[in-house]
Structure formats: C-alpha cells, structure tokens
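Everything below belongs to my_file_34.txt, which stores compact mmCIF, C-alpha atoms.
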```txt
# COMPACT_ATOMS: atom_id res chain seq x y z
CA MET D 741 85.67 73.43 113.28
CA ASN D 742 89.13 72.31 112.22
CA ALA D 743 91.07 74.76 110.05
CA ILE D 744 92.05 72.05 107.55
CA ILE D 745 90.32 69.14 105.83
CA THR D 746 91.83 66.07 104.18
CA ALA D 747 91.08 65.04 100.61
CA ALA D 748 89.25 61.94 101.85
CA GLU D 749 87.12 64.01 104.22
CA LEU D 750 86.30 66.48 101.46
CA ALA D 751 85.27 63.70 99.09
CA GLY D 752 82.89 62.43 101.73
CA GLU D 753 81.39 65.84 102.45
CA LEU D 754 80.83 66.58 98.76
CA THR D 755 78.48 63.61 98.55
CA GLY D 756 76.75 64.41 101.83
CA ASP D 757 73.63 66.34 102.72
CA ARG D 758 75.47 69.62 103.29
CA PRO D 759 78.32 69.88 100.78
CA PRO D 760 80.70 72.80 101.24
CA VAL D 761 81.16 75.67 98.82
CA LEU D 762 84.46 75.13 97.00
CA LEU D 763 86.86 77.92 96.09
CA ASP D 764 89.85 77.32 93.80
CA VAL D 765 92.57 79.88 94.58
CA ARG D 766 95.48 78.64 92.50
CA TYR D 767 98.24 81.23 92.37
CA GLN D 768 101.99 81.28 91.88
CA LEU D 769 104.12 84.38 92.43
CA GLY D 770 105.69 85.27 89.12
CA GLY D 771 104.10 82.23 87.46
CA PRO D 772 101.23 81.80 85.00
CA HIS D 773 97.80 83.04 86.00
CA GLY D 774 95.84 80.42 87.90
CA LEU D 775 92.71 80.81 85.79
CA ALA D 776 94.14 78.77 82.91
CA ALA D 777 94.90 75.85 85.22
CA TYR D 778 91.43 76.14 86.74
CA GLU D 779 89.78 76.06 83.32
CA ALA D 780 91.81 72.99 82.40
CA GLY D 781 90.49 71.07 85.39
CA HIS D 782 89.22 71.67 88.92
CA ILE D 783 87.32 69.86 91.65
CA PRO D 784 83.70 69.66 90.46
CA GLY D 785 81.70 72.68 91.57
CA ALA D 786 84.70 74.81 92.53
CA VAL D 787 84.62 78.51 91.67
CA TYR D 788 87.86 80.28 90.78
CA VAL D 789 88.94 83.23 92.93
CA ASP D 790 91.77 85.49 91.75
CA LEU D 791 94.17 86.22 94.60
CA GLU D 792 95.66 89.40 93.17
CA ALA D 793 92.41 90.89 91.85
CA GLU D 794 89.93 89.64 94.47
CA LEU D 795 91.81 88.76 97.66
CA ALA D 796 94.03 91.85 97.58
CA GLY D 797 93.78 95.49 96.70
CA PRO D 798 96.00 97.35 94.24
CA PRO D 799 99.68 97.37 95.25
CA GLY D 800 101.02 100.59 96.70
CA SER D 801 102.14 102.11 99.97
CA GLY D 802 100.21 99.41 101.83
CA GLY D 803 102.27 96.64 100.27
CA ARG D 804 102.10 94.32 97.28
CA HIS D 805 98.97 92.49 98.46
CA PRO D 806 97.07 94.89 100.75
CA LEU D 807 93.56 94.17 101.93
CA PRO D 808 90.90 94.45 99.23
CA ASP D 809 87.88 96.69 99.54
CA VAL D 810 85.69 94.76 101.97
CA GLU D 811 82.43 95.31 100.07
CA ALA D 812 84.07 94.22 96.81
CA PHE D 813 85.37 91.10 98.57
CA GLY D 814 81.88 90.35 99.83
CA ALA D 815 80.49 90.65 96.31
CA VAL D 816 83.10 88.19 95.04
CA MET D 817 82.22 85.71 97.76
CA ARG D 818 78.48 86.00 97.07
CA ARG D 819 79.12 85.51 93.36
CA ALA D 820 80.99 82.32 94.28
CA GLY D 821 77.97 81.10 96.21
CA VAL D 822 79.35 81.67 99.71
CA ARG D 823 76.66 81.65 102.38
CA HIS D 824 77.11 82.45 106.05
CA ASP D 825 75.51 79.17 107.16
CA THR D 826 77.27 76.89 104.64
CA PRO D 827 80.81 75.55 105.13
CA VAL D 828 83.52 76.65 102.71
CA VAL D 829 86.61 74.74 101.59
CA VAL D 830 89.41 76.57 99.79
CA TYR D 831 92.29 74.98 97.92
CA ASP D 832 95.20 75.90 95.68
CA GLY D 833 97.73 73.94 93.68
CA GLY D 834 99.37 72.50 96.78
CA GLN D 835 101.64 75.18 98.23
CA GLY D 836 98.92 76.30 100.58
CA TRP D 837 99.76 80.00 100.59
CA ALA D 838 96.96 81.29 98.38
CA ALA D 839 94.35 79.02 99.96
CA ALA D 840 95.40 80.23 103.39
CA ARG D 841 94.99 83.85 102.27
CA ALA D 842 91.39 83.08 101.23
CA TRP D 843 90.84 81.18 104.50
CA TRP D 844 92.16 84.13 106.51
CA MET D 845 90.10 86.69 104.56
CA LEU D 846 86.89 84.75 105.17
CA ARG D 847 87.71 84.28 108.84
CA TRP D 848 88.66 87.94 109.31
CA THR D 849 85.35 89.00 107.78
CA GLY D 850 83.33 86.69 110.00
CA HIS D 851 82.65 83.43 108.17
CA PRO D 852 82.32 80.73 110.86
CA GLY D 853 83.08 77.61 108.82
CA VAL D 854 86.00 77.81 106.41
CA ARG D 855 88.75 75.19 105.97
CA VAL D 856 91.78 74.64 103.73
CA LEU D 857 92.22 71.43 101.75
CA ASP D 858 95.47 70.16 103.27
CA GLY D 859 97.92 69.56 100.42
CA GLY D 860 95.70 71.27 97.86
CA LEU D 861 94.74 69.92 94.48
CA ALA D 862 97.98 67.92 94.39
CA VAL D 863 96.52 65.41 96.89
CA TRP D 864 93.02 65.24 95.40
CA GLU D 865 92.31 61.79 93.98
CA GLY D 866 88.70 62.39 92.99
CA PRO D 867 87.29 63.61 89.69
CA VAL D 868 88.09 66.94 88.09
CA GLU D 869 86.11 68.83 85.50
CA ALA D 870 86.58 71.74 83.12
CA GLU D 871 82.99 72.97 83.29
CA VAL D 872 82.69 76.35 85.00
CA PRO D 873 79.82 76.22 87.50
CA ALA D 874 77.17 78.90 87.95
CA PRO D 875 76.32 78.71 91.66
CA ALA D 876 73.31 80.39 93.20
CA THR D 877 74.23 83.77 94.62
CA GLY D 878 75.30 83.56 98.24
CA ASP D 879 74.30 85.77 101.15
CA PHE D 880 77.65 86.32 102.89
CA GLN D 881 78.04 89.83 104.27
CA PRO D 882 81.60 90.50 105.45
CA VAL D 883 82.09 92.04 108.88
CA PRO D 884 85.82 92.73 109.41
CA GLY D 885 87.59 92.16 112.69
CA ALA D 886 86.70 88.60 113.66
CA VAL D 887 90.40 87.69 113.95
CA PRO D 888 93.34 89.98 114.80
CA LEU D 889 95.03 92.12 112.17
CA LEU D 890 98.30 94.03 112.56
CA ASP D 891 99.40 97.26 110.95
CA ALA D 892 103.04 98.39 110.80
CA ASP D 893 102.97 100.04 114.24
CA GLY D 894 101.27 97.01 115.74
CA ALA D 895 103.88 94.69 114.23
CA ALA D 896 106.69 96.81 115.65
CA GLU D 897 105.08 96.77 119.09
CA LEU D 898 104.50 93.01 119.00
CA ALA D 899 108.14 92.43 118.05
CA ARG D 900 109.05 94.17 121.31
CA THR D 901 106.38 92.81 123.64
CA GLY D 902 105.31 89.46 122.19
CA LEU D 903 106.42 87.21 119.35
CA LEU D 904 106.52 88.41 115.73
CA LEU D 905 107.41 85.62 113.30
CA ASP D 906 108.98 86.30 109.90
CA ALA D 907 107.65 83.62 107.53
CA ARG D 908 110.04 84.34 104.65
CA ALA D 909 113.03 82.21 103.72
CA GLY D 910 115.90 82.53 106.16
CA GLU D 911 118.21 84.26 103.70
CA ARG D 912 115.68 87.03 103.17
CA TYR D 913 115.19 87.44 106.92
CA ARG D 914 118.94 87.68 107.43
CA GLY D 915 119.21 90.29 104.68
CA GLU D 916 121.48 88.21 102.46
CA VAL D 917 119.17 88.56 99.46
CA GLU D 918 116.05 90.52 98.59
CA PRO D 919 114.64 89.65 95.17
CA ILE D 920 111.49 91.77 95.35
CA ASP D 921 111.35 94.57 97.90
CA ARG D 922 113.26 97.83 98.29
CA ILE D 923 115.71 96.73 100.94
CA ALA D 924 116.83 93.48 102.56
CA GLY D 925 116.49 92.58 106.22
CA HIS D 926 113.72 92.14 108.77
CA ILE D 927 111.62 94.00 111.33
CA PRO D 928 113.77 94.51 114.45
CA GLY D 929 112.92 91.94 117.10
CA ALA D 930 111.18 89.54 114.69
CA VAL D 931 112.08 85.84 114.79
CA SER D 932 112.82 83.82 111.66
CA ALA D 933 110.25 81.07 111.03
CA PRO D 934 110.26 80.03 107.35
CA THR D 935 106.84 78.93 106.18
CA MET D 936 108.15 75.93 104.28
CA GLU D 937 109.12 74.33 107.59
CA ASN D 938 105.42 73.96 108.40
CA VAL D 939 104.92 71.23 105.80
CA GLY D 940 106.23 67.75 105.17
CA PRO D 941 107.62 66.28 101.93
CA ASP D 942 104.08 65.55 100.73
CA GLY D 943 103.07 69.21 100.93
CA ARG D 944 100.69 68.66 103.82
CA LEU D 945 100.99 70.51 107.10
CA LEU D 946 102.93 68.72 109.79
CA PRO D 947 100.85 67.05 112.53
CA ALA D 948 99.48 69.45 115.13
CA SER D 949 101.84 68.14 117.81
CA GLU D 950 104.89 68.77 115.63
CA LEU D 951 103.70 72.25 114.72
CA ALA D 952 103.08 73.02 118.39
CA ALA D 953 106.60 71.87 119.24
CA ARG D 954 108.06 73.99 116.46
CA PHE D 955 106.30 77.15 117.57
CA LYS D 956 107.06 76.45 121.23
CA SER D 957 110.76 76.34 120.33
CA LEU D 958 110.36 79.76 118.73
CA GLY D 959 108.86 81.24 121.88
CA ALA D 960 105.13 81.03 121.18
CA GLU D 961 104.25 79.31 124.45
CA GLU D 962 105.45 82.10 126.73
CA ALA D 963 104.59 85.01 124.41
CA PRO D 964 101.55 87.08 125.44
CA ALA D 965 100.61 87.41 121.75
CA VAL D 966 101.87 86.09 118.42
CA GLY D 967 101.90 87.71 114.99
CA VAL D 968 103.22 86.80 111.55
CA TYR D 969 104.45 88.66 108.50
CA CYS D 970 106.12 87.66 105.24
CA GLY D 971 106.84 89.50 101.99
CA SER D 972 103.31 90.61 101.18
CA GLY D 973 100.85 88.90 103.49
CA VAL D 974 100.30 85.68 101.52
CA SER D 975 102.71 83.05 102.82
CA ALA D 976 102.27 84.50 106.32
CA ALA D 977 98.61 83.50 106.12
CA GLN D 978 99.76 79.88 105.79
CA GLN D 979 101.79 80.36 108.95
CA VAL D 980 98.72 81.72 110.75
CA LEU D 981 96.90 78.59 109.52
CA ALA D 982 99.68 76.35 110.86
CA LEU D 983 99.56 78.16 114.19
CA GLU D 984 95.79 77.66 114.28
CA VAL D 985 96.26 73.93 113.72
CA ALA D 986 98.78 73.97 116.57
CA GLY D 987 96.23 75.65 118.84
CA ILE D 988 97.96 79.05 118.88
CA PRO D 989 95.97 82.14 117.80
CA ALA D 990 98.00 84.62 115.80
CA ALA D 991 97.55 87.98 114.12
CA LEU D 992 98.49 88.65 110.50
CA TYR D 993 100.44 91.71 109.37
CA VAL D 994 99.00 91.95 105.87
CA GLY D 995 101.27 94.75 104.64
CA SER D 996 104.30 92.69 105.70
CA TRP D 997 107.82 93.45 104.49
CA SER D 998 106.61 95.03 101.24
CA GLU D 999 104.88 97.77 103.26
CA TRP D 1000 107.44 98.00 106.05
CA SER D 1001 110.46 98.32 103.76
CA ALA D 1002 108.79 100.88 101.50
CA ASP D 1003 108.94 103.47 104.29
CA GLU D 1004 112.52 104.67 104.68
CA SER D 1005 111.80 105.94 108.19
CA ARG D 1006 111.21 102.45 109.57
CA PRO D 1007 114.18 100.59 111.11
CA VAL D 1008 115.63 97.51 109.44
CA ALA D 1009 117.61 94.72 111.09
CA SER D 1010 119.82 92.11 109.44
CA GLY D 1011 121.75 89.01 110.41
CA ALA D 1012 120.51 86.07 112.47
CA GLY D 1013 118.70 88.33 114.93
CA SER D 1014 118.18 87.93 118.64
CA ARG D 1015 115.52 88.53 121.28
```

Render the structure in this file as structure tokens.
Amino acid sequence: MNAIITAAELAGELTGDRPPVLLDVRYQLGGPHGLAAYEAGHIPGAVYVDLEAELAGPPGSGGRHPLPDVEAFGAVMRRAGVRHDTPVVVYDGGQGWAAARAWWMLRWTGHPGVRVLDGGLAVWEGPVEAEVPAPATGDFQPVPGAVPLLDADGAAELARTGLLLDARAGERYRGEVEPIDRIAGHIPGAVSAPTMENVGPDGRLLPASELAARFKSLGAEEAPAVGVYCGSGVSAAQQVLALEVAGIPAALYVGSWSEWSADESRPVASGAGSR
C-alpha cells in the first residue's frame, strides 16, 4: 500500500464499499489547539486525535514528544474506530508533520494499511462538517516494533556507520539559533536535510523520483541504514514518510534533539558539518 493518498483518491474511497477510518490530527507548534479547528469543520466521519496528549507521552528526559504509553495509544485508536483489517487515512492542516507522526505510530505498532492525505485538509475539495462522529469501537491492538526505532545511542551509532538525517531547519542544524532546546547544534556526524525541502509550493510531497534524487544526493543510496531526527520527533516523521515514498526505509529517533541536547554528557557539533 502506498504511504500517501491524494484528495481525489480519498473522495473515491469514502464512497466505496470499504471506506477508510479517518483521523484528523491538526496541530501547530506554539499555535492554537487543533480541536477548535476540528470542531469548526472536518472531513465527514473524521475523528480528532490530539498529538500532544495521545500521540506522545509527557515531556521530560525522553524529549518534548516521547512515545506515549502503548496501551493508552491503542485505546485511543480503538475509540476512534481503528480496526486492524480496515484502512486508515490520517490528515492535518497541510503541513504534514502531525499526520506523519500518527502514520508512523500506527505503522510502528503494526497497522498494515495507513496512509497520509498528501497536502492535508488544505487540498480537500469535498464537503466538511462540524458534527462529531461516534464510530463503533475498533479492535486494533498495538504491537510495537513493526518499523525501526532509534534511541540516543542508536542515533549516535547510525551517524557513524550509516546516514542520520537532521530534519530541522538548516540554521538550527548549524547551531546558529535554537529557539526551543537547551543548546544549539546537531548530533555529530548527522547530515542536514530540512523537512520543508520534501514538499512543493502546494504543500504536497515532491514526486517519488525527485525525493529519491534528493536523498541519493545526501548519501542514502550507499548508506547501509538511514535514520532521521528533528527537534522532538514530529517533523522527522514526515521525513520518514518522504523516504518511504522514495522507496527508502528509515528509522525514527523519536527523542530527537530535545532528548539528545538535554543530556550534557552527549557531544554536540555545530557548523555545516561533514562526513
């Protein structure tokens, strides 16, 4: 199954014999809570999922958006109507980061059929509604480990032996600014690969061939393994999604820079970096 779905494809599937479960994961770092936007209008049948409360655990030593309790995540998915044998489509407001985090969480816990609406709600031309649905309880039971996950030690090792991509803006990677975390810079050996370069002006992911060329230029083709981190494991999920579309499997370092930089014993690099 493709990792993404177009708005036209989604519209067709919603009227078909096996419509997907829809999850609305609108979220904006430092912005208004996504629930208000959801209640004002969402794709009919979509259930709202709160990224910070339901797709992440409490912030702490594991980072700003660590993994949630797996059983609690499973309960959220079942409440939203997620079933193991029914496809799921997740979307956000258009940035793609939050939707990709939900996509990754479902994939990591073993769901076989989850896709991201490419371009999010911003590209949806169908109807929207304010009515909050009450779906039948799903049967999804999460089993972690279906896709690779990195911890801090694993990320450090991959930066030495494979390819570790830093999905943050270039100025944060280089250590010129750090608006959120304790210290500026990047994991030694990581390669700068800003997430925003995965999308075109319309907010959709670049074609698979262009993404493949981009990641090849960063060293993905010859690397024995690829991993991604960002500030707190959200935008990096979009990069894992883009890599998937390009045909390149990649691991996610969920703790990301917010976990790495919180430990003063871990090394920090700055500048343009080199391999």

- Item | Distance query Val966 in chain D at most 8 Å, all atoms listed in the file, self and fewer than 5 positions along chain excluded, as a ChimeraX atom specification | /D:898,902-905,960,989-991

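Separating CA of Val810 in chain D from CA of Trp844 in chain D is a distance of 13.2 Å.
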
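Picture a line from CA of Leu763 in chain D to CA of Thr935 in chain D; it runs 22.4 Å.
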
- Would you kindly return, as a list in words, each protein, DNA or RNA residue with an atom no farther than 8 Å from any atom of range 854-863 of chain D, considering all atoms listed in the file and excluding same-chain residues fewer than 4 positions away?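 Here the answer would be Asn742, Ala743, Ile744, Ile745, Thr746, Ala747, Leu750, Ile783, Pro827, Val828, Val829, Val830, Tyr831, Asp832, Gly833, Gly834, Gln835, Gly836, Ala839, Ala840, Trp843, Leu846, Arg847, Asp942, Gly943, Arg944 and Leu945 of chain D.
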
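The shell of residues at most 9 Å from Phe813 in chain D, with only C-alpha atoms counted and near chain neighbours (fewer than 2 positions) removed, consists of D:Glu794, D:Leu795, D:Ala796, D:Pro808, D:Asp809, D:Val810, D:Glu811, D:Ala815, D:Val816, D:Met817, D:Arg818, D:Met845, D:Pro882.
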
- CA of Gly781 in chain D and CA of Val939 in chain D are how many Å apart?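 CA of Gly781 in chain D sits 25.0 Å away from CA of Val939 in chain D.
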
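Among D:Ile927, D:Ile920, D:Leu807, D:Ala776, the residue with the shortest atom-to-atom distance to Glu897 in chain D, counting all atoms listed in the file, is D:Ile927.
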
- Message: If we count only C-alpha atoms and set the cut-off at 8 Å, which residues sit around Tyr993 in chain D, ignoring sequence neighbours fewer than 6 positions away in its own chain? Please answer as a count of residues only.
- Response: 9

- Item | Selection: 8 Å around Ala1002 in chain D, only C-alpha atoms, excl. self and same-chain fewer than 5 positions, as a PyMOL selection string | chain D and resi 801+803+921-922

- Message: Using all atoms listed in the file for the distances, tell me which of D:Gly929, D:Leu791, D:Leu951, D:Gly774 is nearest to Ala842 in chain D.
- Response: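 Going through D:Gly929, D:Leu791, D:Leu951, D:Gly774 one by one, the smallest distance to Ala842 in chain D is for D:Leu791.
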
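When only C-alpha atoms are used to compute distances to Glu918 in chain D, the closest of the residues D:Met741, D:Tyr788, D:Gly971, D:Glu961 turns out to be D:Gly971.
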
- Choose the residue, out of D:Val787, D:Pro875, D:Asp825, D:Gly802, that has the smallest atom-to-atom separation from Arg758 in chain D; count only C-alpha atoms.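 Answer, going by the shortest atom-to-atom distance: D:Asp825.
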
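Of the listed residues (D:Ala820, D:Ala948, D:Val872, D:Ala812), D:Val872 comes nearest to Tyr778 in chain D; the distances count only C-alpha atoms.
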
Just need the box for range 843-860 of chain D, edges along x, y and z, holding every atom the file lists for it with 3 Å tacked onto each side, so centre and edge lengths in Å to one decimal, as lines of an AutoDock Vina configuration file.
```
center_x = 90.1
center_y = 79.3
center_z = 104.4
size_x = 21.6
size_y = 25.4
size_z = 19.0
```

- Nearest to Arg912 in chain D, chosen from D:Ser1010, D:Arg819, D:Val994, D:Val868, with only C-alpha atoms counted in the distances: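 Checking each of D:Ser1010, D:Arg819, D:Val994, D:Val868 against Arg912 in chain D, counting only C-alpha atoms, the winner is D:Ser1010.
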
Output range 871-896 of chain D with N, CA, C and O atoms present, as a PDB file, in the frame of the given file.
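selection_31.pdb was written with the following content:
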```pdb
ATOM      1  N   GLU D 871      84.194  72.145  83.339  1.00  0.00           N
ATOM      2  CA  GLU D 871      82.990  72.970  83.290  1.00  0.00           C
ATOM      3  C   GLU D 871      83.012  74.018  84.397  1.00  0.00           C
ATOM      4  O   GLU D 871      83.290  73.716  85.562  1.00  0.00           O
ATOM      5  N   VAL D 872      82.723  75.258  84.023  1.00  0.00           N
ATOM      6  CA  VAL D 872      82.690  76.350  85.000  1.00  0.00           C
ATOM      7  C   VAL D 872      81.285  76.424  85.591  1.00  0.00           C
ATOM      8  O   VAL D 872      80.314  76.623  84.861  1.00  0.00           O
ATOM      9  N   PRO D 873      81.152  76.245  86.893  1.00  0.00           N
ATOM     10  CA  PRO D 873      79.820  76.220  87.500  1.00  0.00           C
ATOM     11  C   PRO D 873      79.199  77.620  87.570  1.00  0.00           C
ATOM     12  O   PRO D 873      79.889  78.638  87.480  1.00  0.00           O
ATOM     13  N   ALA D 874      77.906  77.654  87.762  1.00  0.00           N
ATOM     14  CA  ALA D 874      77.170  78.900  87.950  1.00  0.00           C
ATOM     15  C   ALA D 874      76.366  78.766  89.242  1.00  0.00           C
ATOM     16  O   ALA D 874      75.161  78.491  89.218  1.00  0.00           O
ATOM     17  N   PRO D 875      77.011  78.943  90.387  1.00  0.00           N
ATOM     18  CA  PRO D 875      76.320  78.710  91.660  1.00  0.00           C
ATOM     19  C   PRO D 875      75.261  79.773  91.928  1.00  0.00           C
ATOM     20  O   PRO D 875      75.331  80.898  91.417  1.00  0.00           O
ATOM     21  N   ALA D 876      74.282  79.407  92.739  1.00  0.00           N
ATOM     22  CA  ALA D 876      73.310  80.390  93.200  1.00  0.00           C
ATOM     23  C   ALA D 876      74.024  81.443  94.037  1.00  0.00           C
ATOM     24  O   ALA D 876      74.976  81.154  94.771  1.00  0.00           O
ATOM     25  N   THR D 877      73.592  82.678  93.899  1.00  0.00           N
ATOM     26  CA  THR D 877      74.230  83.770  94.620  1.00  0.00           C
ATOM     27  C   THR D 877      74.141  83.550  96.123  1.00  0.00           C
ATOM     28  O   THR D 877      73.075  83.197  96.654  1.00  0.00           O
ATOM     29  N   GLY D 878      75.262  83.748  96.803  1.00  0.00           N
ATOM     30  CA  GLY D 878      75.300  83.560  98.240  1.00  0.00           C
ATOM     31  C   GLY D 878      74.783  84.771  98.989  1.00  0.00           C
ATOM     32  O   GLY D 878      74.397  85.783  98.390  1.00  0.00           O
ATOM     33  N   ASP D 879      74.805  84.675 100.316  1.00  0.00           N
ATOM     34  CA  ASP D 879      74.300  85.770 101.150  1.00  0.00           C
ATOM     35  C   ASP D 879      75.353  86.311 102.109  1.00  0.00           C
ATOM     36  O   ASP D 879      75.028  87.087 103.013  1.00  0.00           O
ATOM     37  N   PHE D 880      76.623  85.927 101.929  1.00  0.00           N
ATOM     38  CA  PHE D 880      77.650  86.320 102.890  1.00  0.00           C
ATOM     39  C   PHE D 880      77.877  87.819 102.893  1.00  0.00           C
ATOM     40  O   PHE D 880      78.131  88.433 101.856  1.00  0.00           O
ATOM     41  N   GLN D 881      77.785  88.404 104.071  1.00  0.00           N
ATOM     42  CA  GLN D 881      78.040  89.830 104.270  1.00  0.00           C
ATOM     43  C   GLN D 881      79.262  89.980 105.175  1.00  0.00           C
ATOM     44  O   GLN D 881      79.205  89.649 106.360  1.00  0.00           O
ATOM     45  N   PRO D 882      80.383  90.440 104.644  1.00  0.00           N
ATOM     46  CA  PRO D 882      81.600  90.500 105.450  1.00  0.00           C
ATOM     47  C   PRO D 882      81.532  91.544 106.554  1.00  0.00           C
ATOM     48  O   PRO D 882      81.063  92.670 106.340  1.00  0.00           O
ATOM     49  N   VAL D 883      81.984  91.139 107.736  1.00  0.00           N
ATOM     50  CA  VAL D 883      82.090  92.040 108.880  1.00  0.00           C
ATOM     51  C   VAL D 883      83.520  91.932 109.401  1.00  0.00           C
ATOM     52  O   VAL D 883      83.849  90.974 110.106  1.00  0.00           O
ATOM     53  N   PRO D 884      84.405  92.850 109.039  1.00  0.00           N
ATOM     54  CA  PRO D 884      85.820  92.730 109.410  1.00  0.00           C
ATOM     55  C   PRO D 884      86.041  92.736 110.914  1.00  0.00           C
ATOM     56  O   PRO D 884      85.260  93.286 111.685  1.00  0.00           O
ATOM     57  N   GLY D 885      87.142  92.091 111.310  1.00  0.00           N
ATOM     58  CA  GLY D 885      87.590  92.160 112.690  1.00  0.00           C
ATOM     59  C   GLY D 885      87.381  90.915 113.522  1.00  0.00           C
ATOM     60  O   GLY D 885      87.628  90.933 114.731  1.00  0.00           O
ATOM     61  N   ALA D 886      86.953  89.814 112.897  1.00  0.00           N
ATOM     62  CA  ALA D 886      86.700  88.600 113.660  1.00  0.00           C
ATOM     63  C   ALA D 886      87.975  87.942 114.161  1.00  0.00           C
ATOM     64  O   ALA D 886      87.946  87.183 115.132  1.00  0.00           O
ATOM     65  N   VAL D 887      89.092  88.176 113.497  1.00  0.00           N
ATOM     66  CA  VAL D 887      90.400  87.690 113.950  1.00  0.00           C
ATOM     67  C   VAL D 887      91.374  88.869 113.907  1.00  0.00           C
ATOM     68  O   VAL D 887      91.148  89.846 113.190  1.00  0.00           O
ATOM     69  N   PRO D 888      92.470  88.808 114.676  1.00  0.00           N
ATOM     70  CA  PRO D 888      93.340  89.980 114.800  1.00  0.00           C
ATOM     71  C   PRO D 888      94.145  90.296 113.548  1.00  0.00           C
ATOM     72  O   PRO D 888      94.603  89.412 112.836  1.00  0.00           O
ATOM     73  N   LEU D 889      94.295  91.581 113.316  1.00  0.00           N
ATOM     74  CA  LEU D 889      95.030  92.120 112.170  1.00  0.00           C
ATOM     75  C   LEU D 889      96.040  93.140 112.689  1.00  0.00           C
ATOM     76  O   LEU D 889      95.704  93.971 113.540  1.00  0.00           O
ATOM     77  N   LEU D 890      97.258  93.084 112.165  1.00  0.00           N
ATOM     78  CA  LEU D 890      98.300  94.030 112.560  1.00  0.00           C
ATOM     79  C   LEU D 890      98.557  95.045 111.457  1.00  0.00           C
ATOM     80  O   LEU D 890      98.533  94.706 110.273  1.00  0.00           O
ATOM     81  N   ASP D 891      98.827  96.286 111.862  1.00  0.00           N
ATOM     82  CA  ASP D 891      99.400  97.260 110.950  1.00  0.00           C
ATOM     83  C   ASP D 891     100.894  97.371 111.269  1.00  0.00           C
ATOM     84  O   ASP D 891     101.416  96.617 112.108  1.00  0.00           O
ATOM     85  N   ALA D 892     101.590  98.293 110.604  1.00  0.00           N
ATOM     86  CA  ALA D 892     103.040  98.390 110.800  1.00  0.00           C
ATOM     87  C   ALA D 892     103.398  98.720 112.251  1.00  0.00           C
ATOM     88  O   ALA D 892     104.305  98.122 112.843  1.00  0.00           O
ATOM     89  N   ASP D 893     102.669  99.668 112.857  1.00  0.00           N
ATOM     90  CA  ASP D 893     102.970 100.040 114.240  1.00  0.00           C
ATOM     91  C   ASP D 893     102.674  98.870 115.184  1.00  0.00           C
ATOM     92  O   ASP D 893     103.426  98.630 116.140  1.00  0.00           O
ATOM     93  N   GLY D 894     101.599  98.150 114.914  1.00  0.00           N
ATOM     94  CA  GLY D 894     101.270  97.010 115.740  1.00  0.00           C
ATOM     95  C   GLY D 894     102.306  95.905 115.632  1.00  0.00           C
ATOM     96  O   GLY D 894     102.627  95.232 116.620  1.00  0.00           O
ATOM     97  N   ALA D 895     102.833  95.702 114.421  1.00  0.00           N
ATOM     98  CA  ALA D 895     103.880  94.690 114.230  1.00  0.00           C
ATOM     99  C   ALA D 895     105.135  95.070 114.987  1.00  0.00           C
ATOM    100  O   ALA D 895     105.774  94.223 115.636  1.00  0.00           O
ATOM    101  N   ALA D 896     105.511  96.353 114.927  1.00  0.00           N
ATOM    102  CA  ALA D 896     106.690  96.810 115.650  1.00  0.00           C
ATOM    103  C   ALA D 896     106.529  96.620 117.148  1.00  0.00           C
ATOM    104  O   ALA D 896     107.451  96.178 117.845  1.00  0.00           O
TER     105      ALA D 896
END
```
